[in-house]
file query_15.cif (mmCIF, C-alpha atoms (C1' of nucleotides))
data_structure
#
loop_
_atom_site.label_atom_id
_atom_site.label_comp_id
_atom_site.auth_asym_id
_atom_site.auth_seq_id
_atom_site.Cartn_x
_atom_site.Cartn_y
_atom_site.Cartn_z
CA MET A 1 0.00 0.00 0.00
CA PRO A 2 1.94 2.85 1.32
CA GLU A 3 4.98 4.97 0.72
CA LEU A 4 6.60 7.29 3.21
CA PRO A 5 3.75 9.83 3.46
CA GLU A 6 1.05 7.20 4.01
CA VAL A 7 3.16 5.34 6.57
CA GLU A 8 3.85 8.64 8.34
CA ILE A 9 0.13 9.45 8.52
CA THR A 10 -0.62 5.95 9.76
CA LYS A 11 2.06 6.30 12.41
CA ARG A 12 0.67 9.63 13.59
CA ILE A 13 -2.85 8.28 13.93
CA LEU A 14 -1.70 5.14 15.70
CA SER A 15 0.43 7.23 18.05
CA LYS A 16 -2.57 9.29 19.00
CA HIS A 17 -4.64 6.27 19.98
CA SER A 18 -2.31 3.45 21.00
CA VAL A 19 0.62 4.94 22.90
CA ASN A 20 0.66 4.21 26.64
CA LYS A 21 -1.76 1.35 26.23
CA VAL A 22 -1.03 -2.10 27.60
CA ILE A 23 -1.39 -5.01 25.20
CA LYS A 24 -3.62 -7.39 27.13
CA ASP A 25 -3.76 -10.03 24.44
CA ILE A 26 -3.05 -10.70 20.78
CA GLU A 27 -5.10 -12.82 18.49
CA VAL A 28 -3.22 -14.14 15.49
CA ARG A 29 -5.85 -15.24 13.00
CA ASN A 30 -3.39 -15.82 10.20
CA ASP A 31 0.35 -15.99 10.82
CA ASN A 32 1.07 -16.56 7.15
CA LEU A 33 2.20 -13.04 6.28
CA ARG A 34 5.23 -12.31 4.13
CA TYR A 35 7.29 -13.79 6.94
CA LYS A 36 5.55 -16.16 9.31
CA VAL A 37 4.66 -14.44 12.57
CA SER A 38 7.08 -16.02 15.05
CA SER A 39 5.80 -18.51 17.58
CA ASP A 40 6.90 -16.42 20.56
CA PHE A 41 5.40 -13.19 19.16
CA ILE A 42 2.39 -13.33 21.48
CA LYS A 43 4.40 -14.53 24.47
CA ILE A 44 6.88 -11.65 24.31
CA ILE A 45 4.41 -8.86 23.59
CA LYS A 46 1.61 -9.85 25.92
CA GLY A 47 1.41 -7.59 28.97
CA SER A 48 3.78 -4.94 27.61
CA LYS A 49 2.97 -1.29 27.14
CA ILE A 50 3.52 0.67 23.91
CA LYS A 51 5.89 3.48 24.88
CA LYS A 52 6.16 5.20 21.52
CA ILE A 53 5.60 4.60 17.81
CA LEU A 54 8.11 5.80 15.22
CA ARG A 55 8.52 5.52 11.47
CA ARG A 56 11.71 4.51 9.72
CA SER A 57 11.39 4.45 5.94
CA LYS A 58 8.19 2.50 5.26
CA TYR A 59 8.42 0.63 8.56
CA ILE A 60 6.39 1.37 11.68
CA LEU A 61 8.26 0.72 14.93
CA PHE A 62 6.33 0.07 18.14
CA TYR A 63 8.64 0.57 21.12
CA LEU A 64 7.47 -1.60 24.02
CA ASP A 65 8.32 -1.12 27.70
CA ASN A 66 9.96 -4.56 27.86
CA ASN A 67 12.88 -3.51 25.63
CA TYR A 68 11.46 -5.12 22.53
CA VAL A 69 10.44 -3.34 19.35
CA VAL A 70 7.73 -4.54 16.99
CA ILE A 71 8.83 -3.83 13.43
CA ALA A 72 5.86 -3.70 11.06
CA HIS A 73 5.81 -3.30 7.29
CA LEU A 74 2.53 -2.80 5.43
CA GLY A 75 3.60 -4.29 2.11
CA MET A 76 1.22 -3.33 -0.70
CA SER A 77 -2.16 -3.67 0.99
CA GLY A 78 -1.58 -3.61 4.75
CA LYS A 79 -3.54 -1.25 6.97
CA PHE A 80 -4.48 -0.76 10.60
CA LEU A 81 -7.97 -0.39 11.95
CA LEU A 82 -8.73 0.83 15.44
CA GLN A 83 -11.75 -0.15 17.43
CA LEU A 84 -12.40 2.29 20.24
CA ASN A 85 -14.29 1.63 23.41
CA ASN A 86 -16.85 4.33 22.91
CA SER A 87 -17.91 3.22 19.50
CA ASN A 88 -19.24 0.08 17.92
CA ASN A 89 -17.65 1.07 14.66
CA LEU A 90 -14.09 0.72 13.62
CA LEU A 91 -12.39 4.05 13.71
CA LYS A 92 -11.13 4.30 10.21
CA SER A 93 -7.86 5.46 11.49
CA SER A 94 -5.67 4.08 8.83
CA PHE A 95 -5.93 3.11 5.21
CA TYR A 96 -8.68 0.61 4.63
CA PHE A 97 -11.12 -0.70 2.09
CA ASP A 98 -14.64 0.66 2.49
CA ASN A 99 -16.06 -2.80 2.67
CA ALA A 100 -13.32 -3.92 5.06
CA PHE A 101 -12.73 -7.60 4.56
CA SER A 102 -12.73 -9.11 7.99
CA LYS A 103 -11.32 -12.27 6.48
CA HIS A 104 -8.08 -10.35 6.02
CA ASP A 105 -7.90 -9.14 9.61
CA HIS A 106 -4.82 -11.17 10.45
CA LEU A 107 -3.68 -9.73 13.79
CA GLU A 108 -5.74 -8.27 16.57
CA PHE A 109 -4.05 -6.40 19.42
CA ILE A 110 -6.40 -6.09 22.39
CA PHE A 111 -5.52 -3.36 24.87
CA SER A 112 -6.28 -3.46 28.59
CA ASP A 113 -9.03 -0.87 28.11
CA ASN A 114 -10.63 -3.26 25.60
CA THR A 115 -9.92 -1.08 22.60
CA LYS A 116 -8.39 -2.92 19.67
CA MET A 117 -5.83 -2.38 16.97
CA ILE A 118 -6.36 -4.66 13.98
CA TYR A 119 -3.96 -5.40 11.14
CA ASN A 120 -5.69 -6.07 7.83
CA ASP A 121 -3.78 -7.08 4.70
CA PRO A 122 -5.47 -8.83 1.73
CA ARG A 123 -2.27 -9.57 -0.18
CA ARG A 124 -0.21 -10.44 2.90
CA PHE A 125 2.99 -8.80 1.65
CA GLY A 126 3.26 -7.03 4.99
CA PHE A 127 4.91 -8.52 8.04
CA PHE A 128 5.56 -8.19 11.77
CA ILE A 129 8.84 -9.08 13.40
CA LEU A 130 10.29 -8.49 16.84
CA ASP A 131 13.73 -7.35 17.82
CA LYS A 132 15.40 -6.23 20.99
CA LEU A 133 15.84 -2.50 21.37
CA SER A 134 19.58 -2.99 21.85
CA ASN A 135 19.80 -4.81 18.52
CA LEU A 136 17.73 -2.36 16.48
CA LYS A 137 20.63 -0.78 14.61
CA LYS A 138 21.85 -4.19 13.53
CA ASN A 139 18.41 -5.41 12.57
CA LYS A 140 18.39 -7.34 9.31
CA PHE A 141 15.77 -5.08 7.72
CA LEU A 142 16.62 -1.70 9.21
CA ARG A 143 20.39 -1.83 8.82
CA LYS A 144 20.34 -1.83 5.03
CA LEU A 145 18.01 1.15 4.68
CA GLY A 146 19.40 4.26 3.06
CA PRO A 147 18.94 7.67 4.67
CA GLU A 148 15.58 9.32 5.22
CA PRO A 149 14.84 11.88 2.50
CA PHE A 150 14.54 14.69 5.06
CA ASN A 151 17.98 14.04 6.46
CA LYS A 152 19.92 17.23 5.66
CA ILE A 153 23.46 16.07 6.26
CA ILE A 154 23.54 13.23 3.76
CA GLN A 155 22.96 15.12 0.55
CA LYS A 156 26.58 15.24 -0.54
CA GLU A 157 27.20 11.57 0.12
CA THR A 158 23.93 10.60 -1.57
CA THR A 159 24.71 12.75 -4.58
CA ASN A 160 28.05 10.98 -4.99
CA LYS A 161 26.29 7.65 -4.85
CA MET A 162 23.84 8.85 -7.46
CA LEU A 163 26.58 9.97 -9.80
CA LYS A 164 28.15 6.51 -9.66
CA SER A 165 24.96 4.60 -10.41
CA LYS A 166 24.17 3.16 -13.83
CA LYS A 167 20.58 2.54 -12.81
CA ASN A 168 17.97 4.80 -14.29
CA ILE A 169 17.06 7.57 -11.89
CA LYS A 170 13.53 6.33 -11.16
CA ASN A 171 14.72 2.89 -10.12
CA LEU A 172 17.43 4.48 -8.02
CA LEU A 173 14.90 6.66 -6.18
CA MET A 174 12.89 3.54 -5.40
CA ASP A 175 15.98 1.66 -4.23
CA GLN A 176 15.55 1.63 -0.44
CA THR A 177 19.28 1.13 0.13
CA PHE A 178 19.97 4.36 -1.74
CA MET A 179 17.35 6.47 0.00
CA SER A 180 14.40 5.12 1.93
CA GLY A 181 10.71 5.83 1.74
CA ILE A 182 10.07 6.64 -1.92
CA GLY A 183 7.89 4.24 -3.91
CA ASN A 184 6.32 4.19 -7.33
CA ILE A 185 3.84 7.05 -7.05
CA TYR A 186 6.21 9.57 -5.49
CA ALA A 187 9.13 8.59 -7.73
CA ASN A 188 6.96 9.44 -10.76
CA GLU A 189 5.72 12.70 -9.26
CA ILE A 190 9.15 13.83 -8.02
CA LEU A 191 10.72 13.27 -11.44
CA PHE A 192 7.95 15.19 -13.16
CA ALA A 193 8.40 18.09 -10.74
CA SER A 194 12.14 17.97 -11.54
CA SER A 195 11.62 17.77 -15.34
CA ILE A 196 13.84 14.68 -15.42
CA ASN A 197 13.14 11.70 -17.65
CA PRO A 198 12.70 8.62 -15.43
CA ASN A 199 14.81 6.56 -17.82
CA LYS A 200 17.80 8.86 -17.52
CA ILE A 201 20.86 7.09 -16.19
CA SER A 202 21.60 8.46 -12.71
CA SER A 203 25.28 9.15 -13.39
CA ASN A 204 24.31 11.45 -16.26
CA LEU A 205 22.50 13.98 -14.08
CA ASN A 206 24.14 17.38 -14.00
CA ASN A 207 24.68 19.52 -10.94
CA TYR A 208 21.52 21.55 -11.39
CA GLU A 209 19.42 18.43 -11.88
CA THR A 210 20.70 16.73 -8.73
CA GLN A 211 20.16 19.85 -6.60
CA ASN A 212 16.71 20.34 -8.04
CA LEU A 213 15.85 16.68 -7.56
CA PHE A 214 16.77 16.75 -3.86
CA LYS A 215 14.72 19.90 -3.45
CA ASN A 216 11.67 18.32 -5.07
CA ILE A 217 11.96 15.08 -3.09
CA LYS A 218 11.46 17.14 0.06
CA ILE A 219 8.78 19.40 -1.38
CA ILE A 220 6.64 16.57 -2.77
CA LEU A 221 6.89 14.31 0.27
CA LYS A 222 6.19 17.17 2.68
CA LYS A 223 3.19 18.28 0.66
CA ALA A 224 1.88 14.71 0.53
CA ILE A 225 2.17 14.36 4.31
CA LYS A 226 0.44 17.69 4.77
CA LEU A 227 -2.44 16.50 2.59
CA GLY A 228 -2.78 13.21 4.46
CA GLY A 229 -1.06 11.05 1.87
CA SER A 230 -2.59 9.59 -1.27
CA SER A 231 -5.77 7.56 -1.25
CA ILE A 232 -6.00 5.56 -4.43
CA LYS A 233 -8.70 3.03 -5.17
CA ASP A 234 -10.98 3.23 -2.15
CA PHE A 235 -8.42 3.55 0.58
CA LYS A 236 -9.39 6.04 3.24
CA TYR A 237 -8.30 6.96 6.70
CA LEU A 238 -9.28 8.84 9.82
CA ASP A 239 -13.03 8.71 10.21
CA GLY A 240 -13.57 7.89 6.57
CA LYS A 241 -11.66 10.82 5.13
CA SER A 242 -9.33 10.27 2.23
CA GLY A 243 -5.84 11.53 1.78
CA LYS A 244 -5.85 14.40 -0.66
CA PHE A 245 -2.55 14.09 -2.50
CA GLN A 246 -4.09 11.91 -5.23
CA ASN A 247 -5.79 15.11 -6.42
CA GLU A 248 -2.33 16.57 -6.92
CA PHE A 249 -1.02 13.79 -9.14
CA LYS A 250 0.50 15.30 -12.26
CA VAL A 251 1.53 12.12 -14.08
CA TYR A 252 0.75 9.03 -12.00
CA ASN A 253 -2.07 7.14 -13.72
CA LYS A 254 -2.44 9.97 -16.25
CA GLU A 255 -1.55 8.07 -19.39
CA ASN A 256 -2.64 9.84 -22.60
CA LEU A 257 -3.67 12.98 -20.74
CA LYS A 258 -2.21 16.35 -21.55
CA CYS A 259 0.94 17.32 -19.71
CA PRO A 260 -0.06 19.73 -16.93
CA ARG A 261 3.11 21.79 -17.20
CA LYS A 262 2.47 25.36 -18.28
CA GLY A 263 3.43 25.91 -21.89
CA CYS A 264 4.07 22.21 -22.57
CA ASN A 265 1.49 20.47 -24.68
CA GLY A 266 3.00 17.02 -24.49
CA ILE A 267 1.06 13.86 -23.67
CA ILE A 268 1.78 11.67 -20.65
CA SER A 269 3.31 8.32 -21.60
CA ARG A 270 3.20 5.09 -19.67
CA VAL A 271 6.08 2.64 -19.91
CA VAL A 272 7.07 -0.27 -17.67
CA SER A 273 10.43 -0.11 -15.94
CA VAL A 274 11.58 -2.90 -13.63
CA GLY A 275 8.03 -4.15 -13.66
CA ARG A 276 6.56 -0.87 -12.44
CA ALA A 277 4.33 1.54 -14.31
CA THR A 278 6.27 4.68 -15.14
CA PHE A 279 4.50 7.88 -16.18
CA PHE A 280 6.18 10.91 -17.68
CA CYS A 281 5.99 13.60 -20.32
CA ILE A 282 8.48 12.82 -23.04
CA LYS A 283 8.46 16.45 -24.14
CA CYS A 284 9.38 18.30 -20.94
CA GLN A 285 11.16 15.59 -18.93
CA LYS A 286 14.65 15.38 -20.39
"C1'" DC B 1 29.56 -6.26 -7.42
"C1'" DC B 2 25.67 -4.62 -10.47
"C1'" DG B 3 21.21 -4.47 -12.60
"C1'" DT B 4 17.12 -7.02 -14.01
"C1'" DT B 5 13.50 -10.66 -13.57
"C1'" DA B 6 10.38 -13.61 -11.28
"C1'" DA B 7 7.94 -14.61 -7.33
"C1'" DC B 8 5.21 -13.86 -3.29
"C1'" DC B 9 -0.76 -13.01 -2.86
"C1'" DT B 10 -5.68 -11.38 -3.37
"C1'" DG B 11 -9.13 -8.47 -5.45
"C1'" DA B 12 -10.91 -5.15 -8.89
"C1'" DG B 13 -11.97 -3.96 -13.36
"C1'" DA B 14 -11.96 -4.54 -18.40
"C1'" DG B 15 -13.21 -7.19 -22.29
"C1'" DC B 16 -15.47 -11.00 -24.35
"C1'" DT C 1 -23.29 -13.94 -15.37
"C1'" DG C 2 -19.02 -15.72 -15.67
"C1'" DC C 3 -14.71 -16.51 -17.52
"C1'" DT C 4 -9.91 -14.79 -18.56
"C1'" DC C 5 -6.59 -11.38 -18.45
"C1'" DT C 6 -4.10 -7.45 -16.51
"C1'" DC C 7 -2.95 -4.54 -12.96
"C1'" DA C 8 -2.06 -2.78 -8.07
"C1'" DG C 9 1.22 2.32 -3.13
"C1'" DG C 10 6.66 -3.43 -2.03
"C1'" DT C 11 10.59 -6.38 -1.36
"C1'" DT C 12 14.03 -9.80 -2.43
"C1'" DA C 13 16.10 -14.36 -3.98
"C1'" DA C 14 18.03 -15.80 -8.01
"C1'" DC C 15 20.06 -15.07 -12.28
"C1'" DG C 16 23.25 -13.41 -16.17
#
call {"tool": "encode", "arguments": {"input": "query_15.cif", "output": "structure tokens"}}
result
Amino acid sequence: MPELPEVEITKRILSKHSVNKVIKDIEVRNDNLRYKVSSDFIKIIKGSKIKKILRRSKYILFYLDNNYVVIAHLGMSGKFLLQLNNSNNLLKSSFYFDNAFSKHDHLEFIFSDNTKMIYNDPRRFGFFILDKLSNLKKNKFLRKLGPEPFNKIIQKETTNKMLKSKKNIKNLLMDQTFMSGIGNIYANEILFASSINPNKISSNLNNYETQNLFKNIKIILKKAIKLGGSSIKDFKYLDGKSGKFQNEFKVYNKENLKCPRKGCNGIISRVVSVGRATFFCIKCQK
DNA sequence: CCGTTAACCTGAGAGC
DNA sequence: TGCTCTCAGGTTAACG
């Protein structure tokens, strides 16, 4: 489902409702996620309190008071639902399908105040693993992640890496070891904003293009977070509201439409690169 | 080491 | 209606 902005929004909403709650019990309805939910998952978590929830790249980290951290990834279709005490309805506090499929509610975290946090994931590409707080930096998944896009001090180092890469720039942006958090939608939108052709080989970018690209990475992601992320298909969040950034898409899913750039009357093309739909204007993205 | 491909999985929508 | 086909916000093992 989600890229950095959507995961950030999910994290914020979960933080608001689940921090400082004690996990009374966990019901694992289906442990067959991308990685099998470990057999001691319940044992270790049960009775602990969620101290804080952070995001790293597209991962959500639940810091427990027993020195363990739950590392969750939402894959393509994962989402959280919250069931609050004072309501019979699920608070639509994360991305969900309107006709939520209870058959894909795989994990249910039951808090001591009887509110619930449910993990729903039709495609089951998401996963939950546990690690000790002291081991977090060495964690198999977290250790290979590239820097967060908002990290100011890494730009020089990242630029050097970019100028050495023979990958095309779109695939590089989506490479989580290069920089973490950008997925298919935002890679397309960032490159349009930067007037760079997604097929351009990274090492061929000039100084202006790299500077401009870094600037637009921050602008686009910040704007997306501000607008509550992108809700495509019928994903919604927070009391049934949708994210609003999908209304700002310039090229994603805009095949054959007119290029929205002022003065450019090109047509948006769709090509497939590394198995992912790539949208761009051949006229103004060089 | 590097870059690309296939695979993991379910559901929606298009076309017949 | 129902079948088949394609596509979907991600990651990674395996391959050349």
call {"tool": "atom_distance", "arguments": {"input": "query_15.cif", "atom1": "atom CA of Asp25 of chain A", "atom2": "atom CA of Ile110 of chain A"}}
result
5.2 Å
call {"tool": "resolve_selection", "arguments": {"input": "query_15.cif", "expression": "the PyMOL selection byres ((chain A) within 8 of (chain B))", "output": "list in words"}}
result
Arg34, Pro122, Arg123, Arg124, Phe125, Lys167 and Val274 of chain A
call {"tool": "resolve_selection", "arguments": {"input": "query_15.cif", "expression": "the PyMOL selection byres ((chain A) within 9 of (chain C))", "output": "ChimeraX atom specification"}}
result
/A:1-3,6,74-77,125-126,183-185,230-232
call {"tool": "axis_aligned_box", "arguments": {"input": "query_15.cif", "around": "segment 173-189 of chain A", "padding_each_side": "8 Å", "output": "AutoDock Vina command-line options"}}
result
--center_x 11.9 --center_y 6.9 --center_z -4.4 --size_x 32.1 --size_y 27.6 --size_z 28.7
call {"tool": "atom_distance", "arguments": {"input": "query_15.cif", "atom1": "atom CA of Lys11 of chain A", "atom2": "atom CA of Ile225 of chain A"}}
result
11.4 Å
call {"tool": "residues_near_point", "arguments": {"input": "query_15.cif", "point": "(23.2, 12.3, -3.4)", "cutoff": "12 Å", "atoms": "all atoms listed in the file", "output": "PyMOL selection string"}}
result
chain A and resi 146-149+151-165+169+172-173+178-179+202-203+205-207+209-215+217
call {"tool": "atom_distance", "arguments": {"input": "query_15.cif", "atom1": "atom CA of Lys116 of chain A", "atom2": "atom CA of Leu84 of chain A"}}
result
6.6 Å
